[in-house]
Amino acid sequence: MRAIHLANYFVAGCIASSFLGWVASLHPMAARAIAFLAAATFILWGLCWLLDFSVSSWLKISVQNLQALLLASLAAIAIGAGVFLCS
Amino acid sequence: MQLKMWILSATAIALWLAPLSGLDKRIGWHKFIQGLSLGAAVSCAVSAGNIARRLAEENEIETIKTRAITADVVDEIAVSAYVSQQQRQQEAEQILATDEQSDEQETELNSIRESLELLLNQVSNDSGELAVMNLSTRQREQIELILQCHAKGISGKNKILKEVWGVSAGSSQNYRDAKAEYEFLMPFVKGEL
């Protein structure tokens with residue numbers, strides 16, 4: 001049941017990523033805003049990956065869990081964006 | 001609840017993939033439908049995730065409850081086993097103490113009786129008849145048997161002890177008791193002779 005719960009949140013992340021792609025396709029300004037958001041997210045992602053020990057102690061989770069979370073979020077964004085772009 | 005979760009998950013995936021692959025992005029209302037379905041798909045997926053999380057927590061709570069109940073039952077069984085063992089031990093100790101007490105009392109009564117018999121025999125030693133009268137039936141029977149042994153020509157002390165008391169010469173308590181009784185009875189035997 002815990003795996004299903006995590007899988008559902010993962011699918012929600014994928015769909016949200018597709019939704020952001022759809023928002024970006026509405027208007028060039030929206031695309032810029034989403035691009036800025038994506039860049040900020042990517043920088044934040046990289047910082048979290050580099051400062052994993054500090055971030056894990058701040059979030060009070062283990063380093064393994066943080067790394068799993070970061071990889072899952074990256075995969076969800078990539079899958080969501082990929083699905084939207086390929087459709 | 002599980003069925004709801006599965007339906008929500010399937011709906012989320014369907015609402016995510018079907019409009020994106022089936023509708024044309026260049027047509028305005030198609031695009032609008034795609035946005036709506038993506039929003040609905042996100043909400044369905046999050047709802048399904050929440051339900052699954054709640055079910056997982058309930059399962060964990062059930063597991064903890066089951067473990068606690070099992071631990072309680074095991075603890076109760078162990079306590080009852082300990083209590084019954086202690087009770088049995090106490091009962092056994094009480095029985096042993098009673099046996100020891102009764103043995104001691106019996107030994108004491110025997111010694112008192114023997115002392116009284118000896119005292120009575122010594123007091124009435126002047127009259128042989130009276131002394132014989134004061135002897136117990138068993139002692140009189142033993143005198144009789146000793147006399148029969150003498151009549152048969154058995155004269156050794158150990159032989160008489162073997163014949164009358166059934167004890168062999170040695171250092172056993174039975175032999176010593178028999179010897180003491182024999183020595184006590186000898187004057188009466190001589191009186192009979």
# chains A, B, ... in the order shown; residues from 1 in each chain; ligands from 1
call {"tool": "interface_residues", "arguments": {"of": "chain B", "to": "chain A", "cutoff": "7 Å", "atoms": "only C-alpha atoms", "output": "JSON, numbers by chain"}}
result
{"B": [9, 16, 20, 21, 35, 38, 39, 41, 42, 45, 46, 48, 49, 52, 53, 55, 56]}
call {"tool": "write_last_selection", "arguments": {"atoms": "N, CA and C atoms", "output": "PDB file, in the first residue's frame"}}
result
ATOM      1  N   SER B   9      -6.852   6.398  -9.418  1.00  0.00           N
ATOM      2  CA  SER B   9      -5.539   6.244 -10.080  1.00  0.00           C
ATOM      3  C   SER B   9      -5.720   6.038 -11.592  1.00  0.00           C
ATOM      4  N   TRP B  16      -4.789  12.056 -17.973  1.00  0.00           N
ATOM      5  CA  TRP B  16      -3.470  12.623 -18.320  1.00  0.00           C
ATOM      6  C   TRP B  16      -3.107  12.306 -19.777  1.00  0.00           C
ATOM      7  N   LEU B  20      -4.132  14.328 -24.191  1.00  0.00           N
ATOM      8  CA  LEU B  20      -2.869  14.771 -24.814  1.00  0.00           C
ATOM      9  C   LEU B  20      -2.635  14.047 -26.137  1.00  0.00           C
ATOM     10  N   SER B  21      -2.986  12.764 -26.176  1.00  0.00           N
ATOM     11  CA  SER B  21      -2.745  12.011 -27.412  1.00  0.00           C
ATOM     12  C   SER B  21      -3.915  12.116 -28.399  1.00  0.00           C
ATOM     13  N   GLY B  35      -6.243  21.146 -20.891  1.00  0.00           N
ATOM     14  CA  GLY B  35      -5.898  21.801 -19.611  1.00  0.00           C
ATOM     15  C   GLY B  35      -6.799  21.346 -18.490  1.00  0.00           C
ATOM     16  N   LEU B  38      -6.027  17.794 -17.568  1.00  0.00           N
ATOM     17  CA  LEU B  38      -4.758  17.685 -16.808  1.00  0.00           C
ATOM     18  C   LEU B  38      -4.956  18.131 -15.364  1.00  0.00           C
ATOM     19  N   GLY B  39      -5.700  19.221 -15.185  1.00  0.00           N
ATOM     20  CA  GLY B  39      -5.984  19.676 -13.805  1.00  0.00           C
ATOM     21  C   GLY B  39      -6.754  18.612 -13.035  1.00  0.00           C
ATOM     22  N   ALA B  41      -6.788  15.447 -13.670  1.00  0.00           N
ATOM     23  CA  ALA B  41      -5.909  14.289 -13.464  1.00  0.00           C
ATOM     24  C   ALA B  41      -4.995  14.504 -12.268  1.00  0.00           C
ATOM     25  N   VAL B  42      -4.466  15.739 -12.123  1.00  0.00           N
ATOM     26  CA  VAL B  42      -3.608  16.025 -10.956  1.00  0.00           C
ATOM     27  C   VAL B  42      -4.395  15.822  -9.669  1.00  0.00           C
ATOM     28  N   ALA B  45      -4.995  12.125  -9.029  1.00  0.00           N
ATOM     29  CA  ALA B  45      -3.779  11.412  -8.589  1.00  0.00           C
ATOM     30  C   ALA B  45      -3.439  11.750  -7.142  1.00  0.00           C
ATOM     31  N   VAL B  46      -3.596  13.057  -6.774  1.00  0.00           N
ATOM     32  CA  VAL B  46      -3.296  13.450  -5.385  1.00  0.00           C
ATOM     33  C   VAL B  46      -4.298  12.801  -4.428  1.00  0.00           C
ATOM     34  N   ALA B  48      -5.943  10.000  -4.891  1.00  0.00           N
ATOM     35  CA  ALA B  48      -5.608   8.566  -4.816  1.00  0.00           C
ATOM     36  C   ALA B  48      -4.396   8.347  -3.908  1.00  0.00           C
ATOM     37  N   GLY B  49      -3.397   9.245  -4.028  1.00  0.00           N
ATOM     38  CA  GLY B  49      -2.208   9.145  -3.169  1.00  0.00           C
ATOM     39  C   GLY B  49      -2.569   9.311  -1.704  1.00  0.00           C
ATOM     40  N   ALA B  52      -4.320   6.202  -0.486  1.00  0.00           N
ATOM     41  CA  ALA B  52      -3.348   5.105  -0.315  1.00  0.00           C
ATOM     42  C   ALA B  52      -2.510   5.321   0.939  1.00  0.00           C
ATOM     43  N   ARG B  53      -2.149   6.584   1.210  1.00  0.00           N
ATOM     44  CA  ARG B  53      -1.358   6.863   2.421  1.00  0.00           C
ATOM     45  C   ARG B  53      -2.167   6.536   3.677  1.00  0.00           C
ATOM     46  N   LEU B  55      -4.634   4.416   3.940  1.00  0.00           N
ATOM     47  CA  LEU B  55      -4.747   2.952   4.053  1.00  0.00           C
ATOM     48  C   LEU B  55      -3.456   2.336   4.582  1.00  0.00           C
ATOM     49  N   ALA B  56      -2.320   2.861   4.110  1.00  0.00           N
ATOM     50  CA  ALA B  56      -1.022   2.343   4.590  1.00  0.00           C
ATOM     51  C   ALA B  56      -0.864   2.597   6.078  1.00  0.00           C
TER      52      ALA B  56
END
call {"tool": "residues_around", "arguments": {"residues": "A:Ser57", "least_positions_apart": "6", "cutoff": "12 Å", "atoms": "only C-alpha atoms", "output": "ChimeraX atom specification"}}
result
/A:48,51,63-66
call {"tool": "residues_around", "arguments": {"residues": "B:Lys162", "least_positions_apart": "6", "cutoff": "10 Å", "atoms": "only C-alpha atoms", "output": "list in words"}}
result
Gly156, Ser168, Ala169, Tyr175 and Ala178 of chain B
call {"tool": "write_last_selection", "arguments": {"atoms": "N, CA and C atoms", "output": "compact mmCIF listing (two decimals), in the first residue's frame"}}
result
# COMPACT_ATOMS: atom_id res chain seq x y z
N GLY B 156 22.26 -68.90 69.98
CA GLY B 156 23.06 -67.70 69.67
C GLY B 156 22.18 -66.46 69.52
N SER B 168 19.60 -59.45 60.19
CA SER B 168 20.93 -60.05 60.19
C SER B 168 21.88 -59.17 60.98
N ALA B 169 22.96 -59.81 61.46
CA ALA B 169 23.95 -59.06 62.24
C ALA B 169 24.57 -57.96 61.37
N TYR B 175 18.74 -53.68 63.20
CA TYR B 175 19.47 -54.67 64.00
C TYR B 175 19.70 -54.15 65.42
N ALA B 178 16.46 -54.18 67.31
CA ALA B 178 16.12 -55.57 67.67
C ALA B 178 17.00 -56.07 68.81
call {"tool": "atom_distance", "arguments": {"atom1": "atom CA of B:Trp6", "atom2": "atom CA of B:Ser47"}}
result
10.6 Å
call {"tool": "atom_distance", "arguments": {"atom1": "atom CA of B:Ile143", "atom2": "atom CA of B:Phe188"}}
result
7.6 Å
call {"tool": "residues_around", "arguments": {"residues": "B:His30", "least_positions_apart": "4", "cutoff": "12 Å", "atoms": "only C-alpha atoms", "output": "list in words"}}
result
Trp22 of chain A; Ala18, Pro19, Leu20, Ser21, Gly22, Leu23, Asp24, Lys25, Arg26, Gln34, Gly35, Leu36 and Ser37 of chain B
call {"tool": "write_last_selection", "arguments": {"atoms": "C-alpha atoms", "output": "mmCIF file, in the first residue's frame"}}
result
data_model
loop_
_atom_site.group_PDB
_atom_site.id
_atom_site.type_symbol
_atom_site.label_atom_id
_atom_site.label_comp_id
_atom_site.auth_asym_id
_atom_site.auth_seq_id
_atom_site.Cartn_x
_atom_site.Cartn_y
_atom_site.Cartn_z
ATOM 1 C CA TRP A 22 0.396 22.983 -21.231
ATOM 2 C CA ALA B 18 -6.008 10.425 -23.412
ATOM 3 C CA PRO B 19 -6.546 14.169 -24.086
ATOM 4 C CA LEU B 20 -2.869 14.771 -24.814
ATOM 5 C CA SER B 21 -2.745 12.011 -27.412
ATOM 6 C CA GLY B 22 -6.294 12.305 -28.761
ATOM 7 C CA LEU B 23 -6.864 16.032 -29.060
ATOM 8 C CA ASP B 24 -5.231 18.599 -31.329
ATOM 9 C CA LYS B 25 -3.248 21.368 -29.602
ATOM 10 C CA ARG B 26 -3.939 23.787 -32.435
ATOM 11 C CA GLN B 34 -6.575 19.259 -22.369
ATOM 12 C CA GLY B 35 -5.898 21.801 -19.611
ATOM 13 C CA LEU B 36 -9.077 20.861 -17.771
ATOM 14 C CA SER B 37 -8.334 17.159 -17.984
#
call {"tool": "atom_distance", "arguments": {"atom1": "atom CA of A:Gly46", "atom2": "atom CA of A:Met29"}}
result
25.6 Å
call {"tool": "select_by_dssp", "arguments": {"residues": "stretch 138-168 of chain B", "states": "helix (DSSP H, G or I)", "output": "list of chain:residue names"}}
result
B:Arg138, B:Gln139, B:Arg140, B:Glu141, B:Gln142, B:Ile143, B:Glu144, B:Leu145, B:Ile146, B:Leu147, B:Gln148, B:Cys149, B:His150, B:Ala151, B:Lys152, B:Lys157, B:Asn158, B:Lys159, B:Ile160, B:Leu161, B:Lys162, B:Glu163, B:Val164, B:Trp165
call {"tool": "write_last_selection", "arguments": {"atoms": "C-alpha atoms", "output": "PDB file, in the first residue's frame"}}
result
ATOM      1  CA  ARG B 138       4.040 -58.187  70.706  1.00  0.00           C
ATOM      2  CA  GLN B 139       6.750 -58.430  73.365  1.00  0.00           C
ATOM      3  CA  ARG B 140       5.043 -61.434  74.862  1.00  0.00           C
ATOM      4  CA  GLU B 141       4.872 -63.046  71.478  1.00  0.00           C
ATOM      5  CA  GLN B 142       8.561 -62.342  70.994  1.00  0.00           C
ATOM      6  CA  ILE B 143       9.324 -63.955  74.386  1.00  0.00           C
ATOM      7  CA  GLU B 144       7.314 -66.930  73.249  1.00  0.00           C
ATOM      8  CA  LEU B 145       9.290 -67.128  70.009  1.00  0.00           C
ATOM      9  CA  ILE B 146      12.587 -66.808  71.859  1.00  0.00           C
ATOM     10  CA  LEU B 147      11.543 -69.663  74.120  1.00  0.00           C
ATOM     11  CA  GLN B 148      10.637 -71.744  71.083  1.00  0.00           C
ATOM     12  CA  CYS B 149      14.089 -71.029  69.649  1.00  0.00           C
ATOM     13  CA  HIS B 150      15.681 -72.170  72.884  1.00  0.00           C
ATOM     14  CA  ALA B 151      13.569 -75.299  72.754  1.00  0.00           C
ATOM     15  CA  LYS B 152      14.788 -75.964  69.203  1.00  0.00           C
ATOM     16  CA  LYS B 157      21.939 -64.101  69.980  1.00  0.00           C
ATOM     17  CA  ASN B 158      22.344 -63.351  66.298  1.00  0.00           C
ATOM     18  CA  LYS B 159      20.473 -66.501  65.323  1.00  0.00           C
ATOM     19  CA  ILE B 160      17.594 -65.607  67.636  1.00  0.00           C
ATOM     20  CA  LEU B 161      17.544 -62.087  66.260  1.00  0.00           C
ATOM     21  CA  LYS B 162      17.437 -63.562  62.762  1.00  0.00           C
ATOM     22  CA  GLU B 163      14.641 -65.973  63.687  1.00  0.00           C
ATOM     23  CA  VAL B 164      12.436 -63.654  65.752  1.00  0.00           C
ATOM     24  CA  TRP B 165      13.087 -60.178  64.352  1.00  0.00           C
TER      25      TRP B 165
END
